[in-house]
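*Asks:* Below you'll find upload_24.tsv; it's TSV, C-alpha atoms and all ligand atoms.
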chain	number	residue	atom	x	y	z
M	29	MET	CA	-22.23	-6.41	-10.96
M	30	ALA	CA	-20.29	-3.88	-8.94
M	31	THR	CA	-17.28	-3.14	-11.06
M	32	VAL	CA	-15.83	0.36	-10.85
M	33	THR	CA	-14.08	1.69	-13.95
M	34	ILE	CA	-12.02	4.85	-13.83
M	35	THR	CA	-11.30	6.11	-17.35
M	36	ASP	CA	-8.86	8.92	-18.20
M	37	VAL	CA	-9.70	10.77	-14.98
M	38	TRP	CA	-8.01	14.06	-14.11
M	39	LYS	CA	-8.50	16.20	-11.02
M	40	TYR	CA	-7.46	19.82	-10.66
M	41	TYR	CA	-8.00	22.10	-7.67
M	42	GLY	CA	-7.49	25.48	-9.34
M	43	LYS	CA	-3.99	25.09	-10.83
M	44	THR	CA	-3.00	22.16	-8.55
M	45	MET	CA	-3.07	18.86	-10.41
M	46	ALA	CA	-4.07	16.15	-7.91
M	47	VAL	CA	-4.79	13.24	-10.28
M	48	LYS	CA	-3.37	12.79	-13.78
M	49	ASP	CA	-4.99	10.65	-16.47
M	50	LEU	CA	-5.96	7.81	-14.13
M	51	ASN	CA	-7.18	4.47	-15.49
M	52	ILE	CA	-8.15	1.69	-13.08
M	53	ASP	CA	-10.63	-1.15	-13.48
M	54	VAL	CA	-11.85	-2.45	-10.14
M	55	ARG	CA	-13.28	-5.96	-10.54
M	56	ASP	CA	-16.47	-7.30	-9.04
M	57	ASN	CA	-15.92	-8.31	-5.37
M	58	GLU	CA	-12.31	-7.18	-5.54
M	59	PHE	CA	-10.40	-5.61	-2.64
M	60	LEU	CA	-8.38	-2.90	-4.37
M	61	CYS	CA	-5.96	-0.75	-2.44
M	62	LEU	CA	-4.95	2.77	-3.51
M	63	LEU	CA	-1.48	3.10	-2.04
M	64	GLY	CA	0.96	6.01	-2.04
M	65	PRO	CA	2.59	8.75	0.03
M	66	SER	CA	0.82	11.80	1.41
M	67	GLY	CA	-0.51	14.12	-1.29
M	68	CYS	CA	-0.35	11.57	-4.15
M	69	GLY	CA	-4.07	11.89	-4.94
M	70	LYS	CA	-5.60	8.88	-3.15
M	71	SER	CA	-8.38	10.72	-1.30
M	72	SER	CA	-9.15	12.86	-4.34
M	73	THR	CA	-9.64	9.67	-6.35
M	74	LEU	CA	-11.83	8.06	-3.69
M	75	ARG	CA	-13.91	11.21	-3.30
M	76	MET	CA	-14.53	11.36	-7.04
M	77	ILE	CA	-15.69	7.73	-6.92
M	78	ALA	CA	-17.98	8.65	-4.03
M	79	GLY	CA	-19.35	11.68	-5.87
M	80	LEU	CA	-18.08	14.07	-3.19
M	81	GLU	CA	-15.64	15.74	-5.57
M	82	PHE	CA	-16.16	17.09	-9.08
M	83	ILE	CA	-14.31	15.16	-11.84
M	84	SER	CA	-12.25	17.68	-13.86
M	85	SER	CA	-12.09	15.37	-16.87
M	86	GLY	CA	-12.74	11.69	-17.64
M	87	ASP	CA	-15.42	9.20	-16.59
M	88	ILE	CA	-16.25	6.86	-13.75
M	89	TYR	CA	-18.55	3.89	-14.30
M	90	PHE	CA	-20.27	1.58	-11.81
M	91	GLY	CA	-20.92	-1.49	-13.95
M	92	ASP	CA	-22.13	-0.02	-17.27
M	93	VAL	CA	-23.54	3.14	-15.72
M	94	ARG	CA	-21.60	6.39	-16.00
M	95	VAL	CA	-21.89	7.97	-12.56
M	96	ASN	CA	-20.18	11.34	-13.10
M	97	ASP	CA	-23.46	13.15	-12.57
M	98	VAL	CA	-25.10	10.72	-10.13
M	99	PRO	CA	-25.38	12.26	-6.62
M	100	PRO	CA	-23.55	10.38	-3.81
M	101	LYS	CA	-26.75	9.17	-2.17
M	102	ASP	CA	-27.81	7.43	-5.38
M	103	ARG	CA	-24.50	5.62	-5.94
M	104	ASP	CA	-25.18	2.84	-3.41
M	105	ILE	CA	-21.82	3.19	-1.71
M	106	ALA	CA	-20.79	3.14	1.94
M	107	MET	CA	-17.76	5.10	3.11
M	108	VAL	CA	-15.59	4.95	6.21
M	109	PHE	CA	-13.11	7.75	6.80
M	110	GLU	CA	-10.29	8.06	9.29
M	111	ASN	CA	-12.24	10.70	11.17
M	112	TYR	CA	-15.61	8.98	11.10
M	113	ALA	CA	-18.25	10.89	12.99
M	114	LEU	CA	-20.58	8.80	15.12
M	115	TYR	CA	-23.71	10.47	16.49
M	116	PRO	CA	-22.55	11.23	20.06
M	117	HIS	CA	-26.03	11.22	21.64
M	118	LYS	CA	-27.16	7.98	20.00
M	119	THR	CA	-26.29	4.51	21.23
M	120	VAL	CA	-24.23	2.12	19.14
M	121	PHE	CA	-27.49	0.41	18.16
M	122	GLU	CA	-29.05	3.68	17.00
M	123	ASN	CA	-25.87	4.66	15.16
M	124	LEU	CA	-26.02	1.43	13.20
M	125	ALA	CA	-29.78	1.62	12.70
M	126	ASN	CA	-29.73	5.15	11.35
M	127	PRO	CA	-28.90	4.43	7.68
M	128	LEU	CA	-31.61	1.75	7.63
M	129	LYS	CA	-34.22	4.12	9.06
M	130	PHE	CA	-33.40	6.42	6.15
M	131	GLN	CA	-34.18	3.54	3.83
M	132	LYS	CA	-37.55	3.19	5.62
M	133	MET	CA	-36.82	-0.39	6.63
M	134	ASN	CA	-39.28	-1.78	9.20
M	135	ARG	CA	-38.29	-2.09	12.87
M	136	ALA	CA	-37.98	-5.85	13.06
M	137	ASP	CA	-35.76	-5.98	9.98
M	138	ILE	CA	-33.61	-3.14	11.32
M	139	THR	CA	-33.05	-4.98	14.59
M	140	GLU	CA	-32.13	-8.15	12.76
M	141	ARG	CA	-29.67	-6.35	10.47
M	142	VAL	CA	-28.01	-4.39	13.29
M	143	GLU	CA	-27.62	-7.53	15.39
M	144	TRP	CA	-26.11	-9.36	12.43
M	145	ALA	CA	-23.53	-6.60	11.82
M	146	ALA	CA	-22.79	-6.22	15.53
M	147	GLU	CA	-22.14	-9.93	15.85
M	148	MET	CA	-19.84	-9.93	12.85
M	149	LEU	CA	-17.86	-7.04	14.30
M	150	GLN	CA	-17.99	-8.40	17.86
M	151	ILE	CA	-19.71	-5.36	19.33
M	152	SER	CA	-22.99	-7.09	20.35
M	153	GLU	CA	-22.41	-6.33	24.05
M	154	LEU	CA	-21.85	-2.65	23.30
M	155	LEU	CA	-25.11	-1.90	21.49
M	156	GLN	CA	-26.60	0.13	24.36
M	157	ARG	CA	-23.48	2.25	24.96
M	158	LYS	CA	-22.86	5.77	23.68
M	159	PRO	CA	-19.72	6.52	21.60
M	160	VAL	CA	-18.07	8.31	24.54
M	161	GLU	CA	-18.10	4.98	26.42
M	162	LEU	CA	-16.16	3.16	23.67
M	163	SER	CA	-12.45	2.59	23.02
M	164	GLY	CA	-10.91	3.76	19.73
M	165	GLY	CA	-11.13	0.30	18.22
M	166	GLN	CA	-14.75	-0.14	19.32
M	167	LYS	CA	-15.68	3.23	17.78
M	168	GLN	CA	-13.90	2.14	14.64
M	169	ARG	CA	-15.91	-1.07	14.44
M	170	THR	CA	-19.11	0.86	15.06
M	171	ALA	CA	-18.28	3.14	12.11
M	172	ILE	CA	-17.61	0.10	9.93
M	173	GLY	CA	-20.85	-1.46	11.20
M	174	ARG	CA	-22.77	1.58	10.07
M	175	ALA	CA	-21.28	1.10	6.61
M	176	ILE	CA	-21.96	-2.63	6.29
M	177	VAL	CA	-25.55	-2.80	7.58
M	178	ARG	CA	-26.75	-1.41	4.28
M	179	GLU	CA	-25.12	-4.00	1.99
M	180	PRO	CA	-23.99	-1.36	-0.48
M	181	LYS	CA	-22.62	-2.11	-3.94
M	182	VAL	CA	-19.22	-0.66	-3.09
M	183	PHE	CA	-17.26	0.04	0.11
M	184	LEU	CA	-14.95	3.04	0.10
M	185	PHE	CA	-12.43	3.23	2.93
M	186	ASP	CA	-10.07	6.18	3.45
M	187	GLU	CA	-7.35	5.32	5.98
M	188	PRO	CA	-9.99	3.89	8.33
M	189	ILE	CA	-7.53	2.45	10.84
M	190	ALA	CA	-4.64	4.91	10.49
M	191	HIS	CA	-4.99	6.44	13.95
M	192	LEU	CA	-5.24	3.18	15.91
M	193	ASP	CA	-2.27	1.79	17.83
M	194	ALA	CA	-0.04	-0.77	16.12
M	195	LYS	CA	-1.55	-3.82	17.80
M	196	LEU	CA	-5.13	-2.83	17.11
M	197	ARG	CA	-4.25	-1.94	13.52
M	198	SER	CA	-2.81	-5.37	12.98
M	199	HIS	CA	-5.98	-6.92	14.46
M	200	MET	CA	-8.24	-4.72	12.33
M	201	ARG	CA	-6.30	-5.59	9.14
M	202	GLY	CA	-7.26	-9.21	9.66
M	203	GLU	CA	-10.86	-8.36	10.57
M	204	LEU	CA	-11.41	-6.08	7.56
M	205	LYS	CA	-9.96	-8.59	5.15
M	206	HIS	CA	-12.10	-11.38	6.61
M	207	LEU	CA	-15.19	-9.18	6.53
M	208	GLN	CA	-14.64	-8.15	2.92
M	209	ARG	CA	-14.19	-11.75	1.80
M	210	ARG	CA	-17.30	-12.79	3.70
M	211	LEU	CA	-19.51	-9.98	2.40
M	212	GLU	CA	-18.10	-10.26	-1.13
M	213	THR	CA	-18.47	-6.53	-1.71
M	214	THR	CA	-16.26	-4.58	-4.11
M	215	THR	CA	-13.95	-2.51	-1.92
M	216	ILE	CA	-11.62	0.41	-2.60
M	217	TYR	CA	-9.29	1.07	0.30
M	218	VAL	CA	-7.00	4.09	0.56
M	219	THR	CA	-3.83	3.92	2.63
M	220	HIS	CA	-0.28	5.28	2.76
M	221	ASP	CA	0.77	2.19	4.73
M	222	GLN	CA	2.33	-0.37	2.39
M	223	LEU	CA	1.80	-3.12	4.95
M	224	GLU	CA	-1.99	-2.60	4.82
M	225	GLY	CA	-1.91	-2.81	1.05
M	226	MET	CA	0.31	-5.88	0.99
M	227	THR	CA	-1.66	-7.80	3.63
M	228	MET	CA	-5.25	-7.02	2.63
M	229	ALA	CA	-5.55	-6.24	-1.07
M	230	ASP	CA	-6.25	-8.49	-4.04
M	231	ARG	CA	-4.56	-5.82	-6.14
M	232	ILE	CA	-2.71	-2.63	-5.30
M	233	ALA	CA	-2.67	0.59	-7.32
M	234	VAL	CA	0.49	2.49	-6.39
M	235	MET	CA	0.22	6.25	-6.96
M	236	HIS	CA	2.85	8.98	-6.88
M	237	GLU	CA	2.28	12.69	-7.54
M	238	GLY	CA	-1.15	12.05	-9.04
M	239	VAL	CA	0.11	9.37	-11.43
M	240	LEU	CA	-0.63	5.64	-11.29
M	241	GLN	CA	2.73	3.89	-11.19
M	242	GLN	CA	1.73	0.24	-11.13
M	243	LEU	CA	-1.42	-1.85	-10.75
M	244	GLY	CA	-0.92	-5.45	-9.71
M	245	THR	CA	-1.18	-8.14	-7.06
M	246	PRO	CA	0.90	-7.62	-3.90
M	247	GLY	CA	3.27	-10.29	-5.28
M	248	ASP	CA	3.70	-8.44	-8.62
M	249	ILE	CA	4.34	-5.16	-6.90
M	250	TYR	CA	6.85	-6.63	-4.46
M	251	ASN	CA	8.71	-8.92	-6.84
M	252	HIS	CA	8.47	-7.00	-10.10
M	253	PRO	CA	8.28	-3.27	-9.31
M	254	VAL	CA	8.12	-1.27	-12.55
M	255	ASN	CA	10.29	1.56	-11.28
M	256	GLU	CA	12.51	2.72	-8.47
M	257	PHE	CA	9.68	4.60	-6.75
M	258	VAL	CA	7.49	1.48	-6.39
M	259	ALA	CA	10.51	-0.64	-5.43
M	260	GLY	CA	11.42	1.77	-2.65
M	261	PHE	CA	7.88	2.38	-1.40
M	262	VAL	CA	6.82	-1.25	-0.93
M	263	GLY	CA	8.74	-3.45	1.50
M	264	GLU	CA	9.94	-2.86	5.05
M	265	PRO	CA	12.78	-2.25	5.66
M	266	PRO	CA	12.97	-0.64	2.21
M	267	MET	CA	15.01	-1.94	-0.72
M	268	ASN	CA	18.69	-0.91	-0.80
M	269	PHE	CA	19.83	1.13	-3.81
M	270	LEU	CA	23.41	1.46	-5.03
M	271	ASP	CA	24.79	3.43	-7.96
M	272	CYS	CA	26.70	1.16	-10.36
M	273	ARG	CA	27.93	1.06	-13.92
M	274	ILE	CA	27.67	-1.70	-16.48
M	275	GLU	CA	31.04	-3.13	-17.44
M	276	ARG	CA	31.62	-5.53	-20.32
M	277	VAL	CA	34.84	-7.56	-20.53
M	278	GLY	CA	34.74	-10.14	-23.31
M	279	ASP	CA	31.50	-12.12	-22.87
M	280	SER	CA	31.15	-11.23	-19.22
M	281	VAL	CA	28.87	-8.38	-18.10
M	282	SER	CA	29.12	-7.01	-14.56
M	283	LEU	CA	27.69	-4.33	-12.33
M	284	VAL	CA	30.58	-2.47	-10.80
M	285	ASN	CA	31.31	0.33	-8.37
M	286	ASP	CA	34.20	1.10	-6.02
M	287	ASN	CA	33.21	-1.71	-3.64
M	288	ILE	CA	31.42	-4.36	-5.65
M	289	LYS	CA	31.67	-6.34	-8.84
M	290	LEU	CA	28.69	-8.56	-9.66
M	291	VAL	CA	28.82	-10.80	-12.71
M	292	LEU	CA	25.33	-11.01	-14.24
M	293	GLY	CA	23.57	-14.14	-15.47
M	294	GLY	CA	22.53	-14.75	-19.10
M	295	ASP	CA	18.88	-13.69	-18.63
M	296	GLN	CA	19.92	-10.50	-16.88
M	297	VAL	CA	22.36	-9.65	-19.66
M	298	ARG	CA	19.60	-10.24	-22.24
M	299	ARG	CA	17.31	-7.82	-20.39
M	300	LEU	CA	20.03	-5.16	-20.38
M	301	GLU	CA	20.44	-5.64	-24.11
M	302	GLU	CA	16.69	-5.56	-24.81
M	303	LYS	CA	16.46	-2.20	-23.07
M	304	SER	CA	19.76	-0.98	-24.60
M	305	ALA	CA	20.99	-0.23	-21.11
M	306	ALA	CA	24.57	0.94	-20.86
M	307	GLY	CA	26.68	3.02	-18.54
M	308	GLU	CA	25.20	4.17	-15.25
M	309	VAL	CA	22.37	2.29	-13.50
M	310	ARG	CA	20.87	1.84	-10.02
M	311	LEU	CA	21.10	-1.56	-8.42
M	312	GLY	CA	18.26	-2.51	-6.05
M	313	ILE	CA	18.36	-5.37	-3.55
M	314	ARG	CA	16.00	-6.12	-0.67
M	315	PRO	CA	17.39	-6.56	2.85
M	316	ASP	CA	16.17	-10.20	2.78
M	317	ASP	CA	18.31	-10.95	-0.26
M	318	LEU	CA	21.59	-9.97	1.36
M	319	SER	CA	23.70	-12.05	3.76
M	320	VAL	CA	26.19	-10.85	6.31
M	321	GLU	CA	28.92	-12.56	8.30
M	322	MET	CA	30.83	-10.88	11.11
M	323	GLY	CA	34.62	-10.70	11.23
M	324	ARG	CA	37.46	-10.38	8.77
M	325	ASP	CA	37.53	-14.04	7.57
M	326	HIS	CA	34.03	-14.03	6.17
M	327	GLY	CA	34.54	-15.68	2.81
M	328	PHE	CA	31.94	-13.35	1.25
M	329	ALA	CA	32.58	-11.31	-1.86
M	330	ILE	CA	32.20	-7.83	-0.43
M	331	ASP	CA	34.17	-6.33	2.46
M	332	ALA	CA	32.11	-4.04	4.66
M	333	LYS	CA	31.96	-2.52	8.14
M	334	ILE	CA	29.18	-2.66	10.70
M	335	PHE	CA	27.41	0.66	11.07
M	336	VAL	CA	24.76	-0.45	13.56
M	337	THR	CA	22.82	-3.62	14.44
M	338	GLU	CA	19.14	-3.60	15.38
M	339	PRO	CA	17.70	-6.76	16.98
M	340	LEU	CA	14.02	-7.32	16.11
M	341	GLY	CA	13.45	-10.33	18.34
M	342	GLY	CA	13.69	-13.22	15.86
M	343	ASP	CA	15.54	-11.35	13.13
M	344	MET	CA	18.29	-8.78	13.17
M	345	LEU	CA	18.79	-5.75	10.96
M	346	VAL	CA	22.43	-5.07	10.20
M	347	ASP	CA	23.33	-1.74	8.64
M	348	ALA	CA	26.69	-2.14	6.95
M	349	GLU	CA	28.95	0.38	5.24
M	350	LEU	CA	30.41	-0.43	1.83
M	351	GLY	CA	32.74	2.50	1.33
M	352	LYS	CA	30.43	5.52	1.14
M	353	ASP	CA	27.32	3.38	0.56
M	354	ARG	CA	25.22	1.83	3.26
M	355	VAL	CA	22.98	-1.25	3.04
M	356	THR	CA	20.52	-2.89	5.41
M	357	VAL	CA	20.64	-6.67	5.75
M	358	LYS	CA	17.88	-8.70	7.41
M	359	ARG	CA	19.17	-11.92	8.89
M	360	LYS	CA	18.77	-14.44	11.66
M	361	ILE	CA	22.08	-14.08	13.44
M	362	ALA	CA	22.93	-14.27	17.09
M	363	GLU	CA	26.05	-12.08	17.10
M	364	MET	CA	25.37	-8.38	17.54
M	365	GLY	CA	28.58	-6.98	16.07
M	366	GLN	CA	29.93	-3.62	17.18
M	367	PRO	CA	29.94	-0.44	15.09
M	368	GLY	CA	33.14	-0.26	13.03
M	369	GLU	CA	33.77	-4.06	13.13
M	370	PRO	CA	34.62	-5.69	9.80
M	371	CYS	CA	32.10	-7.98	8.13
M	372	GLY	CA	31.37	-9.55	4.77
M	373	ILE	CA	28.31	-9.10	2.58
M	374	SER	CA	26.98	-11.29	-0.21
M	375	LEU	CA	24.06	-10.66	-2.55
M	376	ASN	CA	21.62	-13.14	-4.00
M	377	ILE	CA	22.35	-12.28	-7.63
M	378	GLU	CA	19.04	-13.78	-8.84
M	379	LYS	CA	17.13	-11.26	-6.73
M	380	LEU	CA	18.85	-8.19	-8.13
M	381	HIS	CA	16.81	-5.32	-9.56
M	382	VAL	CA	18.35	-2.83	-11.95
M	383	PHE	CA	16.84	0.57	-12.72
M	384	ASP	CA	17.66	3.21	-15.31
M	385	ARG	CA	19.55	5.92	-13.44
M	386	GLU	CA	17.75	8.77	-15.25
M	387	SER	CA	14.14	7.62	-15.57
M	388	GLY	CA	14.03	5.21	-12.62
M	389	GLU	CA	12.34	2.61	-14.85
M	390	ALA	CA	13.05	-1.04	-14.13
M	391	ILE	CA	15.37	-2.84	-16.56
M	392	PHE	CA	14.85	-6.05	-14.57
D	1	LIG	N1	-9.73	20.83	-1.51
D	1	LIG	C1	-8.51	20.99	-2.02
D	1	LIG	N2	-8.10	22.17	-2.51
D	1	LIG	C2	-6.89	22.32	-3.04
D	1	LIG	N3	-5.97	21.35	-3.13
D	1	LIG	C3	-6.29	20.15	-2.64
D	1	LIG	C4	-7.58	19.90	-2.06
D	1	LIG	N4	-7.63	18.61	-1.66
D	1	LIG	C5	-6.42	18.08	-1.98
D	1	LIG	N5	-5.63	18.99	-2.57
D	1	LIG	C6	-4.27	18.77	-3.12
D	1	LIG	O1	-4.35	17.70	-4.05
D	1	LIG	C7	-3.25	16.83	-3.91
D	1	LIG	C8	-3.76	15.42	-3.60
D	1	LIG	O2	-4.43	15.43	-2.36
D	1	LIG	P1	-5.15	14.15	-1.75
D	1	LIG	O3	-5.91	14.59	-0.55
D	1	LIG	O4	-5.89	13.46	-2.81
D	1	LIG	O5	-3.87	13.29	-1.32
D	1	LIG	P2	-3.77	11.93	-0.47
D	1	LIG	O6	-3.01	10.97	-1.33
D	1	LIG	O7	-5.10	11.52	0.01
D	1	LIG	O8	-2.81	12.36	0.74
D	1	LIG	P3	-2.88	11.97	2.32
D	1	LIG	O9	-2.21	10.63	2.44
D	1	LIG	O10	-2.06	13.05	2.96
D	1	LIG	O11	-4.30	11.97	2.75
D	1	LIG	C9	-2.37	17.41	-2.82
D	1	LIG	O12	-1.37	18.16	-3.45
D	1	LIG	C10	-3.31	18.31	-2.05
D	1	LIG	O13	-2.62	19.37	-1.47
D	2	MG	MG	-5.94	11.34	1.93
Can the structure from this file be put into C-alpha cells for me?
*Replies:*
Amino acid sequence: MATVTITDVWKYYGKTMAVKDLNIDVRDNEFLCLLGPSGCGKSSTLRMIAGLEFISSGDIYFGDVRVNDVPPKDRDIAMVFENYALYPHKTVFENLANPLKFQKMNRADITERVEWAAEMLQISELLQRKPVELSGGQKQRTAIGRAIVREPKVFLFDEPIAHLDAKLRSHMRGELKHLQRRLETTTIYVTHDQLEGMTMADRIAVMHEGVLQQLGTPGDIYNHPVNEFVAGFVGEPPMNFLDCRIERVGDSVSLVNDNIKLVLGGDQVRRLEEKSAAGEVRLGIRPDDLSVEMGRDHGFAIDAKIFVTEPLGGDMLVDAELGKDRVTVKRKIAEMGQPGEPCGISLNIEKLHVFDRESGEAIF
C-alpha cells in the first residue's frame, strides 16, 4: 500500500512560513496534484515528502510507516524535477540503467527493464544517443524513464514539463496521465498550471500562501470552489467577479449593482440565509456562463459595450464593459463587434457563485 499521509505539517525557513498546518491524504494509486501560484509552498511540501527538506512540525506517513526520519534513499520514491540532470557523458540507455545498477540488478534484467521503459516512453530508437543529441521533450522522457525503471512506491514530480513548448506540454500531459494509470503508482505532481491539474489529476490540492484551500476532484474544484481564491485560480479565462449587494423587496431577493439586477432562485436564497449573508457580496460567473449579443436591440437583461473581441478559432472571447466593470464572455459567435459598440449580456443564473466580500468564502 503506497498511501501518503501528511498530518499537521508546518515548514519554516528561519522566520519565513512556507507551509502551514497541512493535512492531505494521498490514496493508493492516486494521481494527486499540488496546485497553486509561485511561492505557495508546493515544492517545500514535495521536498518534505521526498525527505530532502526537514519537517518543522507534524508527520508524514507512507502507509503506516512514519517517514520523518527515514533518509530519501530508503523511502522508495522516484522524483522528476523541472531541471532534471541527465548524465551528459552517458547514453540514454546508461542514464536509464544507472538507478538499477545501484540496486545491483543483473545485466540481463537491467536491459529488459530499460527496453520496457524506453518502449513505453517511445525513446527506443534513442537509447544509444547522448543527452546533447536529444530535443527538450526527448530529454524530458529520458528523465521520466530514469524514474520509472525502478518501479518505486511513489512518484514525485515537480513541474516536470513546465519549460517545454505549449504543443509538447499538451502531448506530455496525455502521456504522463496514461503512464500513471498504466503503472498504477501513487503520484504527487506539483504545478502552478491549473490546466495540468485539471487534465491529469484524480484530485487537486489547491494551495495559497502555505495554506491548503481545497482538496477535491477537478470537477469539485471547478464547480464548487470554496472561496474566491480557488474560483479565480482554476479556469481559463478566469471567472468574472463583480461587487454587488443583496437587496430584499417583499419575498424577492436580488443581487444588485449600478448595472445589474439578478433575482435569485429559492435554493440560492436559502443558502444566503443559512450563511446569514447580507449587504455586500462578490458575484462570480465563468465566461462560459455568460451570453452576449451584438447591437442595441439585443433583448438581453444587461446593457453593455464591447471593449475588445478576441477570436480563438472556434470560440470568441468578448470583453464587455458594464459601467465601470468589465466581464469576459466565451461564445461561439461569428460577428467580431467593434470596441465601443453596444451589446447585451445575460447570465445563467443557475451558474452564479456568491462570495463573502470580506473573507472571500463561498456562500454558494
Ligand atoms: N531554502 C529556502 N530558504 C528560505 N526560504 C525558502 C526556501 N525555499 C523556499 N522558500 C520560501 O518558502 C516559500 C514557499 O516556497 P516553495 O519553493 O515551496 O514555493 P512553490 O510553491 O514551489 O513556488 P514555485 O511555483 O515558484 O516553485 C516561498 O516564500 C519561498 O520564498
Ligand atoms: Mg516550486
*Asks:* Could you pull the residues within 7 Å of Glu389 (chain M), counting all atoms listed in the file, minus those fewer than 3 positions along the same chain, as a list in words?
*Replies:*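 Here the answer would be Val254, Asn255, Glu256, Phe383 and Asp384 of chain M.
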*Asks:* Per residue of chain M within 10 Å of ligand LIG 1 (chain D), record the nearest atom pair and its distance in Å to one decimal, counting all atoms listed in the file, with rows in chain order and ascending residue number, as a tab-separated table.
*Replies:*
residue	atom	partner	partner_atom	distance
M:Lys39	CA	D:LIG1	O1	8.2
M:Tyr40	CA	D:LIG1	O1	7.6
M:Tyr41	CA	D:LIG1	C2	4.8
M:Gly42	CA	D:LIG1	C2	7.1
M:Lys43	CA	D:LIG1	C2	8.8
M:Thr44	CA	D:LIG1	N3	6.2
M:Met45	CA	D:LIG1	O1	6.6
M:Ala46	CA	D:LIG1	C7	4.1
M:Val47	CA	D:LIG1	C8	7.1
M:Leu62	CA	D:LIG1	O6	8.7
M:Leu63	CA	D:LIG1	O6	8.0
M:Gly64	CA	D:LIG1	O6	6.4
M:Pro65	CA	D:LIG1	O9	5.7
M:Ser66	CA	D:LIG1	O9	3.4
M:Gly67	CA	D:LIG1	O5	3.5
M:Cys68	CA	D:LIG1	O6	3.9
M:Gly69	CA	D:LIG1	O4	3.2
M:Lys70	CA	D:LIG1	O6	3.8
M:Ser71	CA	D:LIG1	O7	3.6
M:Ser72	CA	D:LIG1	O4	3.7
M:Thr73	CA	D:LIG1	O4	6.4
M:Leu74	CA	D:LIG1	O4	8.1
M:Arg75	CA	D:LIG1	O4	8.3
M:Met76	CA	D:LIG1	O4	9.8
M:Glu81	CA	D:LIG1	N1	8.8
M:Glu110	CA	D:LIG1	O11	9.7
M:Asp186	CA	D:LIG1	O7	8.1
M:Glu187	CA	D:LIG1	O11	8.0
M:Val218	CA	D:LIG1	O7	7.7
M:Thr219	CA	D:LIG1	O9	6.9
M:His220	CA	D:LIG1	O9	5.7
M:Asp221	CA	D:LIG1	O9	9.2
M:Met235	CA	D:LIG1	O6	8.0
M:His236	CA	D:LIG1	O6	8.3
M:Glu237	CA	D:LIG1	C8	7.7
M:Gly238	CA	D:LIG1	C8	6.9
*Asks:* Take the selection from the previous step and output its residues with C-alpha atoms, as a PDB file, in the coordinates of the input.
*Replies:*
ATOM      1  CA  LYS M  39      -8.500  16.200 -11.020  1.00  0.00           C
ATOM      2  CA  TYR M  40      -7.460  19.820 -10.660  1.00  0.00           C
ATOM      3  CA  TYR M  41      -8.000  22.100  -7.670  1.00  0.00           C
ATOM      4  CA  GLY M  42      -7.490  25.480  -9.340  1.00  0.00           C
ATOM      5  CA  LYS M  43      -3.990  25.090 -10.830  1.00  0.00           C
ATOM      6  CA  THR M  44      -3.000  22.160  -8.550  1.00  0.00           C
ATOM      7  CA  MET M  45      -3.070  18.860 -10.410  1.00  0.00           C
ATOM      8  CA  ALA M  46      -4.070  16.150  -7.910  1.00  0.00           C
ATOM      9  CA  VAL M  47      -4.790  13.240 -10.280  1.00  0.00           C
ATOM     10  CA  LEU M  62      -4.950   2.770  -3.510  1.00  0.00           C
ATOM     11  CA  LEU M  63      -1.480   3.100  -2.040  1.00  0.00           C
ATOM     12  CA  GLY M  64       0.960   6.010  -2.040  1.00  0.00           C
ATOM     13  CA  PRO M  65       2.590   8.750   0.030  1.00  0.00           C
ATOM     14  CA  SER M  66       0.820  11.800   1.410  1.00  0.00           C
ATOM     15  CA  GLY M  67      -0.510  14.120  -1.290  1.00  0.00           C
ATOM     16  CA  CYS M  68      -0.350  11.570  -4.150  1.00  0.00           C
ATOM     17  CA  GLY M  69      -4.070  11.890  -4.940  1.00  0.00           C
ATOM     18  CA  LYS M  70      -5.600   8.880  -3.150  1.00  0.00           C
ATOM     19  CA  SER M  71      -8.380  10.720  -1.300  1.00  0.00           C
ATOM     20  CA  SER M  72      -9.150  12.860  -4.340  1.00  0.00           C
ATOM     21  CA  THR M  73      -9.640   9.670  -6.350  1.00  0.00           C
ATOM     22  CA  LEU M  74     -11.830   8.060  -3.690  1.00  0.00           C
ATOM     23  CA  ARG M  75     -13.910  11.210  -3.300  1.00  0.00           C
ATOM     24  CA  MET M  76     -14.530  11.360  -7.040  1.00  0.00           C
ATOM     25  CA  GLU M  81     -15.640  15.740  -5.570  1.00  0.00           C
ATOM     26  CA  GLU M 110     -10.290   8.060   9.290  1.00  0.00           C
ATOM     27  CA  ASP M 186     -10.070   6.180   3.450  1.00  0.00           C
ATOM     28  CA  GLU M 187      -7.350   5.320   5.980  1.00  0.00           C
ATOM     29  CA  VAL M 218      -7.000   4.090   0.560  1.00  0.00           C
ATOM     30  CA  THR M 219      -3.830   3.920   2.630  1.00  0.00           C
ATOM     31  CA  HIS M 220      -0.280   5.280   2.760  1.00  0.00           C
ATOM     32  CA  ASP M 221       0.770   2.190   4.730  1.00  0.00           C
ATOM     33  CA  MET M 235       0.220   6.250  -6.960  1.00  0.00           C
ATOM     34  CA  HIS M 236       2.850   8.980  -6.880  1.00  0.00           C
ATOM     35  CA  GLU M 237       2.280  12.690  -7.540  1.00  0.00           C
ATOM     36  CA  GLY M 238      -1.150  12.050  -9.040  1.00  0.00           C
TER      37      GLY M 238
END
*Asks:* Using only C-alpha atoms, which of M:Glu147, M:Arg314, M:Ile288, M:Lys303 sits nearest Phe261 (chain M)?
*Replies:*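 For Phe261 (chain M), the nearest of the candidates is M:Arg314.
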*Asks:* Just how far from CA of Val108 (chain M) is CA of Leu162 (chain M), in Å to one decimal?
*Replies:*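 Straight-line distance from CA of Leu162 (chain M) to CA of Val108 (chain M) works out to 17.6 Å.
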*Asks:* Give me the residues within 8 Å of Ile176 (chain M) as a list of chain:residue names, counting all atoms listed in the file and dropping any in the same chain fewer than 4 places off.
*Replies:*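 Counting only the stated atoms, we get M:Ala106, M:Ala145, M:Ile172, M:Pro180.
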*Asks:* Hey, which of M:Asp36, M:Asp331, M:Glu378, M:Glu369 ends up closest to Gln296 (chain M)? Count all atoms listed in the file.
*Replies:* M:Glu378
*Asks:* Using only C-alpha atoms and all ligand atoms, pick whichever of M:Pro99, M:Pro188, M:Pro127, M:Gly260 has the shortest atom-to-atom distance to ligand MG 2 (chain D).
*Replies:*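 With only C-alpha atoms and all ligand atoms as the atom set, the closest residue is M:Pro188.
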*Asks:* Determine the nearest neighbour of Ala329 (chain M) from the options M:Pro265, M:Gly372, M:Gly312, M:Gly307, counting all atoms listed in the file.
*Replies:*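 For Ala329 (chain M), the nearest of the candidates is M:Gly372.
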